[in-house]
$ cat work-v1.cif   # mmCIF, C-alpha atoms and all ligand atoms
data_data
#
loop_
_atom_site.group_PDB
_atom_site.id
_atom_site.type_symbol
_atom_site.label_atom_id
_atom_site.label_comp_id
_atom_site.auth_asym_id
_atom_site.auth_seq_id
_atom_site.Cartn_x
_atom_site.Cartn_y
_atom_site.Cartn_z
ATOM 1 C CA MET A 1 -0.772 187.706 -45.559
ATOM 2 C CA ARG A 2 -0.034 191.399 -45.711
ATOM 3 C CA ARG A 3 0.518 193.085 -42.356
ATOM 4 C CA THR A 4 -1.622 196.161 -41.891
ATOM 5 C CA MET A 5 0.215 199.443 -41.576
ATOM 6 C CA VAL A 6 -0.774 202.789 -40.116
ATOM 7 C CA ALA A 7 1.518 205.731 -40.762
ATOM 8 C CA GLY A 8 1.246 209.273 -39.430
ATOM 9 C CA ASN A 9 2.478 212.077 -41.653
ATOM 10 C CA TRP A 10 3.060 215.042 -39.384
ATOM 11 C CA LYS A 11 3.826 217.301 -42.372
ATOM 12 C CA MET A 12 5.304 220.718 -41.483
ATOM 13 C CA HIS A 13 3.937 220.673 -37.933
ATOM 14 C CA GLY A 14 5.551 220.661 -34.542
ATOM 15 C CA THR A 15 7.892 222.408 -32.178
ATOM 16 C CA ARG A 16 10.226 220.654 -29.761
ATOM 17 C CA ALA A 17 7.611 221.143 -27.061
ATOM 18 C CA SER A 18 4.602 219.902 -29.058
ATOM 19 C CA VAL A 19 6.608 216.975 -30.424
ATOM 20 C CA ALA A 20 7.591 215.985 -26.874
ATOM 21 C CA GLU A 21 3.923 216.056 -25.906
ATOM 22 C CA LEU A 22 2.934 213.945 -28.903
ATOM 23 C CA ILE A 23 5.658 211.376 -28.175
ATOM 24 C CA ASP A 24 4.425 211.167 -24.570
ATOM 25 C CA GLY A 25 0.873 210.625 -25.750
ATOM 26 C CA LEU A 26 1.926 207.942 -28.239
ATOM 27 C CA ALA A 27 3.956 206.087 -25.623
ATOM 28 C CA LYS A 28 0.811 205.823 -23.484
ATOM 29 C CA GLN A 29 -1.287 204.226 -26.246
ATOM 30 C CA THR A 30 -2.157 200.555 -26.261
ATOM 31 C CA LEU A 31 -1.113 199.617 -29.772
ATOM 32 C CA PRO A 32 -1.980 196.381 -31.590
ATOM 33 C CA GLY A 33 0.969 194.060 -32.181
ATOM 34 C CA SER A 34 -0.483 192.964 -35.510
ATOM 35 C CA VAL A 35 -0.077 196.416 -37.101
ATOM 36 C CA ASP A 36 3.112 198.083 -38.360
ATOM 37 C CA ILE A 37 3.017 201.636 -37.063
ATOM 38 C CA ALA A 38 5.184 204.514 -38.245
ATOM 39 C CA VAL A 39 5.362 208.266 -37.823
ATOM 40 C CA PHE A 40 6.930 210.805 -40.173
ATOM 41 C CA PRO A 41 7.966 213.939 -38.273
ATOM 42 C CA SER A 42 9.675 216.892 -39.917
ATOM 43 C CA SER A 43 13.352 216.152 -40.500
ATOM 44 C CA LEU A 44 14.186 218.673 -37.814
ATOM 45 C CA HIS A 45 12.494 216.475 -35.215
ATOM 46 C CA VAL A 46 13.529 213.016 -36.433
ATOM 47 C CA GLY A 47 16.273 212.672 -33.800
ATOM 48 C CA GLN A 48 13.975 213.759 -30.988
ATOM 49 C CA VAL A 49 11.282 211.293 -32.102
ATOM 50 C CA VAL A 50 13.704 208.390 -32.589
ATOM 51 C CA ASN A 51 15.015 208.949 -29.043
ATOM 52 C CA GLY A 52 11.614 209.526 -27.545
ATOM 53 C CA LEU A 53 9.981 206.470 -29.083
ATOM 54 C CA GLN A 54 12.677 203.971 -28.165
ATOM 55 C CA GLY A 55 10.964 200.766 -27.132
ATOM 56 C CA ALA A 56 7.563 201.905 -28.378
ATOM 57 C CA SER A 57 7.340 199.668 -31.511
ATOM 58 C CA ILE A 58 6.744 202.706 -33.685
ATOM 59 C CA ALA A 59 9.060 203.152 -36.647
ATOM 60 C CA VAL A 60 10.227 206.618 -37.613
ATOM 61 C CA GLY A 61 10.355 207.818 -41.200
ATOM 62 C CA ALA A 62 11.228 210.977 -43.101
ATOM 63 C CA GLN A 63 8.908 213.010 -45.317
ATOM 64 C CA ASP A 64 11.470 213.458 -48.069
ATOM 65 C CA ALA A 65 14.990 212.474 -49.094
ATOM 66 C CA ALA A 66 17.554 213.784 -51.556
ATOM 67 C CA VAL A 67 17.889 212.407 -55.072
ATOM 68 C CA GLN A 68 21.134 210.719 -54.087
ATOM 69 C CA ALA A 69 21.726 208.217 -51.290
ATOM 70 C CA ASP A 70 25.176 209.386 -50.284
ATOM 71 C CA GLN A 71 26.313 212.599 -48.642
ATOM 72 C CA GLY A 72 27.575 215.328 -50.943
ATOM 73 C CA ALA A 73 27.368 218.928 -52.035
ATOM 74 C CA LEU A 74 23.609 219.435 -52.185
ATOM 75 C CA THR A 75 22.639 222.412 -50.067
ATOM 76 C CA GLY A 76 19.517 222.047 -48.005
ATOM 77 C CA GLU A 77 18.925 218.389 -48.827
ATOM 78 C CA ILE A 78 19.224 215.300 -46.634
ATOM 79 C CA ALA A 79 20.824 212.127 -47.986
ATOM 80 C CA SER A 80 19.154 208.773 -47.419
ATOM 81 C CA SER A 81 22.337 207.557 -45.745
ATOM 82 C CA GLN A 82 22.003 210.440 -43.258
ATOM 83 C CA LEU A 83 18.380 209.504 -42.589
ATOM 84 C CA VAL A 84 19.457 205.915 -41.899
ATOM 85 C CA ASP A 85 22.120 207.223 -39.539
ATOM 86 C CA ALA A 86 19.431 209.243 -37.728
ATOM 87 C CA GLY A 87 17.268 206.147 -37.260
ATOM 88 C CA CYS A 88 14.773 206.396 -40.131
ATOM 89 C CA LYS A 89 13.345 203.215 -41.603
ATOM 90 C CA LEU A 90 10.977 204.645 -44.228
ATOM 91 C CA VAL A 91 10.640 207.726 -46.429
ATOM 92 C CA LEU A 92 7.586 209.267 -48.096
ATOM 93 C CA VAL A 93 8.186 209.719 -51.817
ATOM 94 C CA GLY A 94 5.928 211.733 -54.065
ATOM 95 C CA HIS A 95 3.454 213.192 -51.601
ATOM 96 C CA SER A 96 1.004 215.299 -53.593
ATOM 97 C CA GLU A 97 2.031 218.415 -51.667
ATOM 98 C CA ARG A 98 5.519 217.971 -53.113
ATOM 99 C CA ARG A 99 4.347 216.951 -56.564
ATOM 100 C CA LEU A 100 1.895 219.839 -56.890
ATOM 101 C CA LEU A 101 3.278 222.664 -54.741
ATOM 102 C CA LEU A 102 6.977 222.025 -55.352
ATOM 103 C CA GLY A 103 6.699 220.635 -58.862
ATOM 104 C CA GLU A 104 8.464 217.340 -58.187
ATOM 105 C CA SER A 105 8.368 215.305 -61.381
ATOM 106 C CA ASP A 106 8.208 211.543 -61.772
ATOM 107 C CA GLU A 107 11.836 211.660 -62.881
ATOM 108 C CA VAL A 108 12.981 213.371 -59.669
ATOM 109 C CA LEU A 109 10.752 211.123 -57.571
ATOM 110 C CA ASN A 110 12.166 208.021 -59.210
ATOM 111 C CA ARG A 111 15.663 209.117 -58.229
ATOM 112 C CA LYS A 112 14.487 209.651 -54.649
ATOM 113 C CA PHE A 113 12.744 206.267 -54.633
ATOM 114 C CA ALA A 114 15.949 204.552 -55.755
ATOM 115 C CA ALA A 115 18.125 206.477 -53.288
ATOM 116 C CA VAL A 116 15.868 205.514 -50.379
ATOM 117 C CA GLN A 117 15.975 201.835 -51.326
ATOM 118 C CA SER A 118 19.667 201.767 -51.975
ATOM 119 C CA ALA A 119 20.260 203.095 -48.452
ATOM 120 C CA GLY A 120 18.168 200.225 -47.084
ATOM 121 C CA MET A 121 14.978 202.101 -46.234
ATOM 122 C CA THR A 122 11.449 201.523 -47.502
ATOM 123 C CA PRO A 123 9.921 204.146 -49.784
ATOM 124 C CA VAL A 124 6.230 204.909 -49.294
ATOM 125 C CA LEU A 125 5.227 205.966 -52.796
ATOM 126 C CA CYS A 126 2.289 208.381 -52.706
ATOM 127 C CA ILE A 127 0.008 208.607 -55.720
ATOM 128 C CA GLY A 128 -3.371 210.178 -56.309
ATOM 129 C CA GLU A 129 -5.541 212.290 -58.553
ATOM 130 C CA THR A 130 -6.778 215.863 -58.197
ATOM 131 C CA LEU A 131 -10.473 216.726 -58.050
ATOM 132 C CA GLU A 132 -10.315 217.981 -61.621
ATOM 133 C CA GLN A 133 -8.835 214.696 -62.787
ATOM 134 C CA ARG A 134 -11.459 212.679 -60.880
ATOM 135 C CA GLU A 135 -14.253 214.729 -62.388
ATOM 136 C CA ALA A 136 -12.760 214.152 -65.839
ATOM 137 C CA LYS A 137 -12.774 210.413 -65.043
ATOM 138 C CA GLN A 138 -8.989 210.241 -65.273
ATOM 139 C CA THR A 139 -8.386 208.757 -61.817
ATOM 140 C CA LEU A 140 -7.189 205.311 -62.841
ATOM 141 C CA GLU A 141 -5.128 206.699 -65.680
ATOM 142 C CA VAL A 142 -3.345 209.248 -63.447
ATOM 143 C CA VAL A 143 -2.667 206.812 -60.647
ATOM 144 C CA GLY A 144 -1.614 204.144 -63.135
ATOM 145 C CA GLN A 145 0.833 206.517 -64.758
ATOM 146 C CA GLN A 146 2.371 207.596 -61.431
ATOM 147 C CA LEU A 147 2.900 203.984 -60.360
ATOM 148 C CA GLY A 148 3.871 202.914 -63.864
ATOM 149 C CA SER A 149 6.692 205.411 -63.904
ATOM 150 C CA VAL A 150 8.434 203.588 -61.032
ATOM 151 C CA ILE A 151 7.761 200.159 -62.534
ATOM 152 C CA LYS A 152 9.134 201.313 -65.869
ATOM 153 C CA ALA A 153 12.266 202.766 -64.314
ATOM 154 C CA PHE A 154 13.160 199.952 -61.933
ATOM 155 C CA GLY A 155 11.022 196.916 -62.744
ATOM 156 C CA ILE A 156 8.326 195.270 -60.665
ATOM 157 C CA GLN A 157 10.780 193.776 -58.164
ATOM 158 C CA ALA A 158 11.477 197.297 -56.892
ATOM 159 C CA LEU A 159 7.984 197.217 -55.382
ATOM 160 C CA VAL A 160 8.841 194.274 -53.128
ATOM 161 C CA ASN A 161 10.416 196.584 -50.590
ATOM 162 C CA ALA A 162 8.018 199.478 -50.980
ATOM 163 C CA VAL A 163 4.617 200.613 -49.775
ATOM 164 C CA VAL A 164 2.136 202.425 -52.002
ATOM 165 C CA ALA A 165 -0.190 205.058 -50.567
ATOM 166 C CA TYR A 166 -3.228 206.103 -52.569
ATOM 167 C CA GLU A 167 -4.083 209.637 -51.537
ATOM 168 C CA PRO A 168 -6.737 211.400 -53.601
ATOM 169 C CA VAL A 169 -5.691 215.051 -53.506
ATOM 170 C CA TRP A 170 -9.284 216.220 -53.022
ATOM 171 C CA ALA A 171 -9.518 214.195 -49.807
ATOM 172 C CA ILE A 172 -6.336 215.535 -48.211
ATOM 173 C CA GLY A 173 -6.940 217.927 -45.353
ATOM 174 C CA THR A 174 -10.428 218.669 -46.609
ATOM 175 C CA GLY A 175 -12.458 216.438 -44.315
ATOM 176 C CA LEU A 176 -13.788 214.803 -47.504
ATOM 177 C CA THR A 177 -12.904 211.129 -47.348
ATOM 178 C CA ALA A 178 -13.154 208.806 -50.307
ATOM 179 C CA THR A 179 -15.888 206.315 -49.550
ATOM 180 C CA PRO A 180 -14.573 202.829 -48.796
ATOM 181 C CA GLU A 181 -15.948 201.752 -52.187
ATOM 182 C CA GLN A 182 -14.253 204.613 -54.049
ATOM 183 C CA ALA A 183 -10.941 203.850 -52.362
ATOM 184 C CA GLN A 184 -11.300 200.098 -52.888
ATOM 185 C CA GLU A 185 -11.929 200.617 -56.594
ATOM 186 C CA VAL A 186 -8.626 202.439 -57.005
ATOM 187 C CA HIS A 187 -6.720 200.061 -54.733
ATOM 188 C CA ALA A 188 -7.986 197.090 -56.730
ATOM 189 C CA ALA A 189 -6.849 198.778 -59.946
ATOM 190 C CA ILE A 190 -3.414 199.437 -58.443
ATOM 191 C CA ARG A 191 -3.102 195.807 -57.400
ATOM 192 C CA ALA A 192 -4.247 194.650 -60.840
ATOM 193 C CA GLN A 193 -1.603 196.850 -62.444
ATOM 194 C CA LEU A 194 1.045 195.240 -60.231
ATOM 195 C CA ALA A 195 -0.366 191.756 -60.901
ATOM 196 C CA LYS A 196 -0.024 192.258 -64.638
ATOM 197 C CA GLU A 197 3.728 192.363 -64.015
ATOM 198 C CA ASP A 198 3.977 189.804 -61.201
ATOM 199 C CA SER A 199 1.088 188.378 -59.217
ATOM 200 C CA GLU A 200 3.196 187.380 -56.229
ATOM 201 C CA VAL A 201 4.598 190.879 -55.859
ATOM 202 C CA ALA A 202 1.092 192.303 -56.235
ATOM 203 C CA GLN A 203 -0.232 190.151 -53.397
ATOM 204 C CA GLY A 204 2.575 191.239 -51.090
ATOM 205 C CA VAL A 205 2.594 195.032 -51.580
ATOM 206 C CA ARG A 206 0.810 197.047 -48.921
ATOM 207 C CA LEU A 207 -1.576 199.658 -50.311
ATOM 208 C CA LEU A 208 -2.437 202.387 -47.809
ATOM 209 C CA TYR A 209 -5.283 204.849 -48.159
ATOM 210 C CA GLY A 210 -4.721 208.485 -47.200
ATOM 211 C CA GLY A 211 -7.090 211.455 -47.143
ATOM 212 C CA SER A 212 -8.986 212.592 -44.039
ATOM 213 C CA VAL A 213 -8.613 209.253 -42.257
ATOM 214 C CA LYS A 214 -9.815 209.527 -38.667
ATOM 215 C CA ALA A 215 -10.873 207.188 -35.892
ATOM 216 C CA ALA A 216 -14.499 207.476 -36.989
ATOM 217 C CA ASN A 217 -13.945 206.234 -40.561
ATOM 218 C CA ALA A 218 -10.814 204.071 -40.225
ATOM 219 C CA ALA A 219 -12.417 200.697 -39.497
ATOM 220 C CA GLU A 220 -14.715 200.897 -42.486
ATOM 221 C CA LEU A 221 -11.902 201.863 -44.857
ATOM 222 C CA PHE A 222 -9.547 199.200 -43.490
ATOM 223 C CA SER A 223 -12.191 196.494 -43.891
ATOM 224 C CA MET A 224 -11.913 196.700 -47.680
ATOM 225 C CA PRO A 225 -9.972 193.811 -49.219
ATOM 226 C CA ASP A 226 -7.273 195.879 -50.943
ATOM 227 C CA ILE A 227 -6.850 198.568 -48.283
ATOM 228 C CA ASP A 228 -3.983 197.484 -46.050
ATOM 229 C CA GLY A 229 -3.962 200.454 -43.712
ATOM 230 C CA GLY A 230 -3.733 204.206 -43.774
ATOM 231 C CA LEU A 231 -1.481 207.205 -44.200
ATOM 232 C CA VAL A 232 -2.879 209.726 -41.763
ATOM 233 C CA GLY A 233 -2.232 213.456 -41.806
ATOM 234 C CA GLY A 234 -4.109 215.788 -39.457
ATOM 235 C CA ALA A 235 -5.457 213.069 -37.179
ATOM 236 C CA SER A 236 -1.930 211.752 -36.528
ATOM 237 C CA LEU A 237 -1.110 214.936 -34.596
ATOM 238 C CA ASN A 238 -3.431 213.794 -31.824
ATOM 239 C CA ALA A 239 -2.017 210.761 -29.983
ATOM 240 C CA ASP A 240 -5.381 209.451 -28.786
ATOM 241 C CA GLU A 241 -6.939 209.765 -32.229
ATOM 242 C CA PHE A 242 -3.916 208.153 -33.898
ATOM 243 C CA GLY A 243 -3.924 205.372 -31.308
ATOM 244 C CA ALA A 244 -7.597 204.726 -32.035
ATOM 245 C CA ILE A 245 -6.863 204.516 -35.775
ATOM 246 C CA CYS A 246 -4.071 202.006 -35.083
ATOM 247 C CA ARG A 247 -6.426 199.930 -32.946
ATOM 248 C CA ALA A 248 -9.066 200.039 -35.709
ATOM 249 C CA ALA A 249 -6.435 198.604 -38.045
ATOM 250 C CA GLY A 250 -5.733 195.818 -35.575
ATOM 251 C CA ASN A 251 -9.296 194.564 -35.404
HETATM 252 P P1 LIG B 301 -5.133 214.351 -43.938
HETATM 253 O O1 LIG B 301 -5.286 213.065 -43.156
HETATM 254 O O2 LIG B 301 -4.889 215.531 -43.081
HETATM 255 O O3 LIG B 301 -6.225 214.520 -44.928
HETATM 256 O O4 LIG B 301 -3.773 214.183 -44.803
HETATM 257 C C1 LIG B 301 -3.568 213.044 -45.533
HETATM 258 C C2 LIG B 301 -2.164 213.052 -46.020
HETATM 259 O O5 LIG B 301 -1.791 213.846 -46.855
HETATM 260 C C3 LIG B 301 -1.229 212.080 -45.439
HETATM 261 O O6 LIG B 301 -0.035 212.029 -46.143
#
$ encode --input "work-v1.cif" --output "structure tokens" --more "lines below"
Ligand code: 13P
Amino acid sequence: MRRTMVAGNWKMHGTRASVAELIDGLAKQTLPGSVDIAVFPSSLHVGQVVNGLQGASIAVGAQDAAVQADQGALTGEIASSQLVDAGCKLVLVGHSERRLLLGESDEVLNRKFAAVQSAGMTPVLCIGETLEQREAKQTLEVVGQQLGSVIKAFGIQALVNAVVAYEPVWAIGTGLTATPEQAQEVHAAIRAQLAKEDSEVAQGVRLLYGGSVKAANAAELFSMPDIDGGLVGGASLNADEFGAICRAAGN
């Protein structure tokens, strides 16, 4: 059985003071033991969060990693090996804000995906369509191509130690959530795409939904057969709300 996962993407939010407050709030939550929980602070705050969450059964991840695993001359970037050294266990790869606003291509993202894995961390591959693409009925094609790019580059076995997050761009930060049925349809297609390559791998890969997940809609989304948890943005900045989402995933 796949273990449910709830991950909080803090994006470009937080100061040392607000992060300390959030850590305090998270430490006070009653969290279900049956759910893998992770938070992704800005790289600047990774050390503070790793220290602050010691003993809290919450993994810490990074929002991005360099295209190479090892240290080197690459100004402004952070190597996967450095993230491991700082205590990170996972890294987001291909968030739509990086694909669309920073122009990260599948080729660059594939290099990041490989670097993260080669350093021993788990990539959380984010895929999803824009509103325009959904309206043009291109959702499954777009998502299939984004996932297919990784499969083509590294083979299906590369998905064994990876998580896939389906995040429709139109649902991110907009308050518009995909309905459980809309999300399930895409998740089922993603799993079918994986199963075409290897059914065992397909059954094992966790598929998270992201896009305006909150305590009020989490249980319904997580009850769908191919939705194995959530990647939460805005609502993860509130410890009580995030805790409630984690508990919804545990039920
Ligand atoms: P929101 O939950 O704020 O819509 O963000 C989703 C997201 O982008 C998580 O990576």
$ residues_near_point --input "work-v1.cif" --point "(-1.4, 195.3, -48.0)" --cutoff "9 Å" --atoms "all atoms listed in the file" --output "number ranges by chain"
A: 1-5, 163-164, 203-208, 225-229
$ resolve_selection --input "work-v1.cif" --expression "the PyMOL selection byres (((chain A and resi 65-72) around 8) and not hetatm)" --output "list in words"
Ala62, Gln63, Asp64, Ala73, Leu74, Glu77, Ile78, Ala79, Ser80, Ser81, Gln82, Leu83, Val91, Val93, Val108, Leu109, Arg111, Lys112, Ala115, Val116, Ser118 and Ala119 of chain A
$ residues_around --input "work-v1.cif" --residues "region 129-144 of chain A" --least-positions-apart "3" --cutoff "7 Å" --atoms "only C-alpha atoms" --output "PDB file with C-alpha atoms, in the coordinates of the input"
ATOM      1  CA  LEU A 147       2.900 203.984 -60.360  1.00  0.00           C
ATOM      2  CA  GLY A 148       3.871 202.914 -63.864  1.00  0.00           C
ATOM      3  CA  PRO A 168      -6.737 211.400 -53.601  1.00  0.00           C
ATOM      4  CA  VAL A 169      -5.691 215.051 -53.506  1.00  0.00           C
ATOM      5  CA  TRP A 170      -9.284 216.220 -53.022  1.00  0.00           C
ATOM      6  CA  VAL A 186      -8.626 202.439 -57.005  1.00  0.00           C
ATOM      7  CA  ILE A 190      -3.414 199.437 -58.443  1.00  0.00           C
TER       8      ILE A 190
END
$ closest_residue --input "work-v1.cif" --among "A:Glu97, A:Glu220, A:Asp24, A:Glu181" --to "ligand LIG 301 (chain B)" --atoms "all atoms listed in the file"
A:Glu97
$ residues_near_ligand --input "work-v1.cif" --ligand "ligand LIG 301 (chain B)" --cutoff "6 Å" --atoms "all atoms listed in the file" --output "PyMOL selection string"
chain A and resi 9+171-173+210-213+231-235
$ closest_residue --input "work-v1.cif" --among "A:Ala56, A:Ala195, A:Ile127, A:Ala249" --to "Leu100 (chain A)" --atoms "all atoms listed in the file"
A:Ile127
$ atom_distance --input "work-v1.cif" --atom1 "CA of Gly61 (chain A)" --atom2 "CA of Ala38 (chain A)"
6.8 Å
$ closest_residue --input "work-v1.cif" --among "A:Leu102, A:Ala188, A:Val6, A:Cys88" --to "Pro123 (chain A)" --atoms "all atoms listed in the file"
A:Cys88
$ closest_residue --input "work-v1.cif" --among "A:Leu159, A:Met12, A:Leu31, A:Val84" --to "Leu44 (chain A)" --atoms "only C-alpha atoms"
A:Met12
$ closest_residue --input "work-v1.cif" --among "A:Val49, A:Ala27, A:Ala183, A:Ala189" --to "Met224 (chain A)" --atoms "all atoms listed in the file"
A:Ala183
